[in-house]
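Undergrad: Here's a structure for you.
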Amino acid sequence: LLPQQQADVLLAERRFFVQQPTADDPRSGVLFTNGTGTGKTFTGLGIIKRFEMMGKGRILIVVPSQQKVTDWKNEGQRVMVKATPLKDTNDIGENVVVTTYANMRDNWRLQSEPWDLVVYDESHNLSSNAQGTEGANIAAHELTTNKPGWNQQRKWIQAELGPRPSREDEKAVTRYENEAEQASKRIQYRADTAPDTKVVFLSA
């Protein structure tokens, strides 16, 4: 890595693992806004490599396009980071994976996976709607980094169990409610036992 990229990796590592978190600043995220062409991809890969060296190897890279998926996979090989592209909205892969914002939005398994680190390339895509309001990317980000609200938990349950049965079928409704309660407990357990997910935002 270039000296500035090395300095950025060190900055992230100190923020995540050395500096003491506070109520106002849990030190769980860092934003890099270095200019275009300064090698933010390698800053991100350097941080990923350090996480792997510390045994924190469950890492998600989110990018805006399939071409960027290929770019991160290829650039990762230069620093011995194997970033595996996800195949579809049912794939969560293993270790370090790379996918698009679109897949992150639509892949509930990805959103419910406990991640050590999430890296967003061109992170302005998280809130890139014309209204400037919270969009689907932000909602998916909150789930992916282990902050599910009730509405998102309900979506997970529906994705896992399918549609609620008709009220006329009382046995099916009772069975569905029992399964939904168990699913809710699994979701809460997942949130309670998930790692302290760190987030890197890369944006020009």
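Identifiers for the structure tokens are assigned positionally: chains receive A, B, ... in sequence, residues are indexed from 1 per chain, and ligands are indexed from 1 in the order shown.
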Hey, what's within 8 Å of segment 8-23 of chain A if we count only C-alpha atoms and toss same-chain stuff fewer than 2 positions away? As number ranges by chain, please?
TA: A: 4-6, 25-30, 43-44, 46-47, 198
Undergrad: Any chance you could list, as an MDAnalysis selection string, the residues in segment 4-193 of chain A that come up helix (DSSP H, G or I) when DSSP is run on the backbone?
TA: chainID A and resid 4:17 40:53 66:78 101:106 108:112 123:127 136:144 150:161 170:193
Undergrad: Could you please determine the separation between atom CA of Arg50 of chain A and atom CA of Asn95 of chain A in Å, to one decimal place?
TA: 13.7 Å
Undergrad: Please provide the set of residues having any atom within 8 Å of segment 60-71 of chain A, restricted to only C-alpha atoms, with same-chain residues fewer than 2 positions apart removed, written as number ranges by chain.
TA: A: 58, 73-75, 85, 96-102, 104, 115, 117-122, 125
Undergrad: Name the residues in contact with Ile157 of chain A at a cut-off of 8 Å, using only C-alpha atoms, excluding same-chain residues fewer than 4 positions from it; report them as a ChimeraX atom specification.
TA: /A:153,161-162,180,183-184
Undergrad: Which residue is closest to Thr145 of chain A? Choose from A:Asp169, A:Asp196, A:Asp91, A:Glu160 and count only C-alpha atoms.
TA: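 Ranked by minimum distance to Thr145 of chain A, first place goes to A:Asp196.
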Undergrad: Which of these residues is nearest to Gly55 of chain A, using only C-alpha atoms: A:Ala83, A:Thr41, A:Asp116, A:Arg186?
TA: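 The shortest atom-to-atom distance to Gly55 of chain A comes from A:Asp116.
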Undergrad: How would you write, as a list in words, the set of residues in segment 10-135 of chain A that DSSP gives as strand (DSSP E or B)?
TA: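 Answer for segment 10-135 of chain A, restricted to strand (DSSP E or B): Gly29, Val30, Leu31, Phe32, Ile59, Leu60, Ile61, Val62, Val63, Thr84, Pro85, Val96, Val97, Val98, Thr99, Thr100, Leu117, Val118, Val119, Tyr120 and Asp121 of chain A.
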Undergrad: With all heavy atoms kept, could you save the residues just selected as a short mmCIF file (atom, residue, chain, number, x, y, z; two decimals), in the first residue's frame?
TA:
data_model
loop_
_atom_site.label_atom_id
_atom_site.label_comp_id
_atom_site.auth_asym_id
_atom_site.auth_seq_id
_atom_site.Cartn_x
_atom_site.Cartn_y
_atom_site.Cartn_z
N GLY A 29 -17.77 3.01 13.17
CA GLY A 29 -17.69 3.32 11.75
C GLY A 29 -16.66 4.38 11.46
O GLY A 29 -16.26 5.15 12.35
N VAL A 30 -16.19 4.41 10.20
CA VAL A 30 -15.24 5.43 9.77
C VAL A 30 -15.52 5.75 8.30
O VAL A 30 -15.84 4.85 7.51
CB VAL A 30 -13.78 4.98 9.99
CG1 VAL A 30 -13.44 3.75 9.17
CG2 VAL A 30 -12.80 6.11 9.71
N LEU A 31 -15.41 7.04 7.95
CA LEU A 31 -15.67 7.51 6.60
C LEU A 31 -14.38 8.04 5.99
O LEU A 31 -13.70 8.87 6.60
CB LEU A 31 -16.73 8.62 6.62
CG LEU A 31 -16.93 9.44 5.34
CD1 LEU A 31 -17.49 8.56 4.21
CD2 LEU A 31 -17.86 10.63 5.61
N PHE A 32 -14.05 7.57 4.79
CA PHE A 32 -12.92 8.09 4.03
C PHE A 32 -13.44 8.79 2.79
O PHE A 32 -14.16 8.19 1.99
CB PHE A 32 -11.96 6.96 3.64
CG PHE A 32 -11.26 6.33 4.80
CD1 PHE A 32 -11.68 5.11 5.30
CD2 PHE A 32 -10.19 6.98 5.42
CE1 PHE A 32 -11.05 4.52 6.38
CE2 PHE A 32 -9.55 6.40 6.51
CZ PHE A 32 -9.97 5.17 6.99
N ILE A 59 -16.62 -10.79 6.35
CA ILE A 59 -16.59 -9.41 5.86
C ILE A 59 -17.42 -9.29 4.59
O ILE A 59 -17.32 -10.12 3.68
CB ILE A 59 -15.14 -8.97 5.60
CG1 ILE A 59 -14.34 -9.03 6.93
CG2 ILE A 59 -15.08 -7.58 4.97
CD1 ILE A 59 -12.85 -8.90 6.76
N LEU A 60 -18.22 -8.22 4.54
CA LEU A 60 -19.07 -7.93 3.38
C LEU A 60 -18.61 -6.65 2.72
O LEU A 60 -18.45 -5.62 3.39
CB LEU A 60 -20.53 -7.79 3.83
CG LEU A 60 -21.53 -7.29 2.79
CD1 LEU A 60 -21.70 -8.32 1.67
CD2 LEU A 60 -22.89 -7.01 3.45
N ILE A 61 -18.38 -6.71 1.41
CA ILE A 61 -18.06 -5.53 0.61
C ILE A 61 -19.27 -5.25 -0.28
O ILE A 61 -19.76 -6.15 -0.98
CB ILE A 61 -16.82 -5.76 -0.27
CG1 ILE A 61 -15.63 -6.22 0.57
CG2 ILE A 61 -16.48 -4.50 -1.07
CD1 ILE A 61 -14.49 -6.83 -0.25
N VAL A 62 -19.77 -4.01 -0.25
CA VAL A 62 -20.95 -3.64 -1.03
C VAL A 62 -20.55 -2.57 -2.04
O VAL A 62 -19.96 -1.54 -1.67
CB VAL A 62 -22.09 -3.12 -0.13
CG1 VAL A 62 -23.35 -2.90 -0.94
CG2 VAL A 62 -22.35 -4.09 1.02
N VAL A 63 -20.88 -2.80 -3.31
CA VAL A 63 -20.45 -1.92 -4.40
C VAL A 63 -21.64 -1.59 -5.30
O VAL A 63 -22.65 -2.29 -5.28
CB VAL A 63 -19.32 -2.58 -5.22
CG1 VAL A 63 -18.11 -2.90 -4.34
CG2 VAL A 63 -19.81 -3.85 -5.91
N THR A 84 -15.03 -13.08 -2.61
CA THR A 84 -15.85 -13.95 -3.46
C THR A 84 -17.16 -13.26 -3.82
O THR A 84 -17.92 -12.87 -2.92
CB THR A 84 -16.15 -15.27 -2.73
OG1 THR A 84 -14.92 -15.88 -2.33
CG2 THR A 84 -16.94 -16.21 -3.62
N PRO A 85 -17.46 -13.10 -5.12
CA PRO A 85 -18.75 -12.51 -5.52
C PRO A 85 -19.91 -13.43 -5.14
O PRO A 85 -19.81 -14.66 -5.26
CB PRO A 85 -18.63 -12.39 -7.04
CG PRO A 85 -17.16 -12.42 -7.32
CD PRO A 85 -16.57 -13.32 -6.27
N VAL A 96 -14.81 -13.51 3.19
CA VAL A 96 -14.96 -12.18 2.56
C VAL A 96 -15.78 -12.33 1.29
O VAL A 96 -15.43 -13.11 0.39
CB VAL A 96 -13.59 -11.57 2.22
CG1 VAL A 96 -13.76 -10.18 1.60
CG2 VAL A 96 -12.71 -11.49 3.47
N VAL A 97 -16.88 -11.58 1.22
CA VAL A 97 -17.73 -11.63 0.02
C VAL A 97 -17.96 -10.22 -0.49
O VAL A 97 -17.88 -9.24 0.25
CB VAL A 97 -19.07 -12.33 0.31
CG1 VAL A 97 -18.86 -13.78 0.73
CG2 VAL A 97 -19.87 -11.59 1.38
N VAL A 98 -18.27 -10.12 -1.79
CA VAL A 98 -18.53 -8.83 -2.42
C VAL A 98 -19.80 -8.93 -3.23
O VAL A 98 -20.03 -9.92 -3.92
CB VAL A 98 -17.32 -8.36 -3.28
CG1 VAL A 98 -16.94 -9.39 -4.33
CG2 VAL A 98 -17.59 -7.00 -3.91
N THR A 99 -20.65 -7.90 -3.12
CA THR A 99 -21.92 -7.91 -3.84
C THR A 99 -22.36 -6.47 -4.10
O THR A 99 -21.69 -5.52 -3.70
CB THR A 99 -22.99 -8.68 -3.04
OG1 THR A 99 -24.11 -8.93 -3.90
CG2 THR A 99 -23.46 -7.89 -1.82
N THR A 100 -23.49 -6.32 -4.77
CA THR A 100 -24.00 -5.00 -5.13
C THR A 100 -24.99 -4.49 -4.08
O THR A 100 -25.52 -5.26 -3.27
CB THR A 100 -24.72 -5.05 -6.48
OG1 THR A 100 -25.84 -5.94 -6.37
CG2 THR A 100 -23.78 -5.51 -7.60
N LEU A 117 -17.23 -7.00 9.66
CA LEU A 117 -16.95 -5.72 8.99
C LEU A 117 -17.80 -5.62 7.73
O LEU A 117 -17.96 -6.61 7.00
CB LEU A 117 -15.46 -5.65 8.62
CG LEU A 117 -15.01 -4.45 7.78
CD1 LEU A 117 -15.11 -3.16 8.58
CD2 LEU A 117 -13.56 -4.65 7.28
N VAL A 118 -18.33 -4.42 7.49
CA VAL A 118 -19.01 -4.12 6.23
C VAL A 118 -18.30 -2.93 5.61
O VAL A 118 -18.08 -1.91 6.28
CB VAL A 118 -20.51 -3.79 6.43
CG1 VAL A 118 -21.17 -3.45 5.10
CG2 VAL A 118 -21.24 -4.97 7.09
N VAL A 119 -17.91 -3.06 4.34
CA VAL A 119 -17.23 -1.99 3.61
C VAL A 119 -18.13 -1.54 2.47
O VAL A 119 -18.52 -2.36 1.62
CB VAL A 119 -15.87 -2.45 3.06
CG1 VAL A 119 -15.22 -1.34 2.24
CG2 VAL A 119 -14.96 -2.91 4.19
N TYR A 120 -18.48 -0.25 2.45
CA TYR A 120 -19.30 0.31 1.38
C TYR A 120 -18.43 1.11 0.43
O TYR A 120 -17.83 2.11 0.82
CB TYR A 120 -20.38 1.22 1.95
CG TYR A 120 -21.44 0.52 2.76
CD1 TYR A 120 -21.49 0.65 4.14
CD2 TYR A 120 -22.40 -0.27 2.13
CE1 TYR A 120 -22.46 0.00 4.88
CE2 TYR A 120 -23.37 -0.93 2.87
CZ TYR A 120 -23.40 -0.78 4.24
OH TYR A 120 -24.37 -1.42 4.98
N ASP A 121 -18.37 0.68 -0.83
CA ASP A 121 -17.70 1.46 -1.86
C ASP A 121 -18.71 2.44 -2.45
O ASP A 121 -19.88 2.08 -2.64
CB ASP A 121 -17.17 0.52 -2.95
CG ASP A 121 -16.30 1.23 -3.96
OD1 ASP A 121 -15.79 2.33 -3.66
OD2 ASP A 121 -16.11 0.70 -5.07
#
Undergrad: So the first atom is atom CA of Lys185 of chain A and the second is atom CA of Asn107 of chain A; what is the distance between them in Å, to one decimal place?
TA: 20.5 Å
Undergrad: Which residue gives the smallest distance to Ala139 of chain A among A:Asp24, A:Glu113, A:Asp106, A:Glu179, with only C-alpha atoms counted?
TA: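 That would be A:Asp106, the residue with the smallest distance to Ala139 of chain A.
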Undergrad: Which of these, A:Ser127, A:Lys56, A:Gln111, A:Leu202, has the shortest distance to Gly35 of chain A once you count only C-alpha atoms?
TA: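 Once distances to Gly35 of chain A are computed over only C-alpha atoms, the minimum belongs to A:Leu202.
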Undergrad: Between atom CA of Thr38 of chain A and atom CA of Met53 of chain A, what distance in Å does the model show, to one decimal?
TA: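 Taking atom CA of Thr38 of chain A as the start and atom CA of Met53 of chain A as the end point, the length is 24.5 Å.
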Undergrad: Pick from A:Val199, A:Ala159, A:Leu143, A:Ala136: nearest to Phe51 of chain A, with only C-alpha atoms counted?
TA: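 Checking each of A:Val199, A:Ala159, A:Leu143, A:Ala136 against Phe51 of chain A, counting only C-alpha atoms, the winner is A:Val199.
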Undergrad: Taking into account only C-alpha atoms, which residue in the set A:Phe201, A:Trp72, A:Phe42, A:Tyr176 is nearest to Leu2 of chain A?
TA: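 Of the candidates, the smallest distance to Leu2 of chain A is held by A:Phe42.
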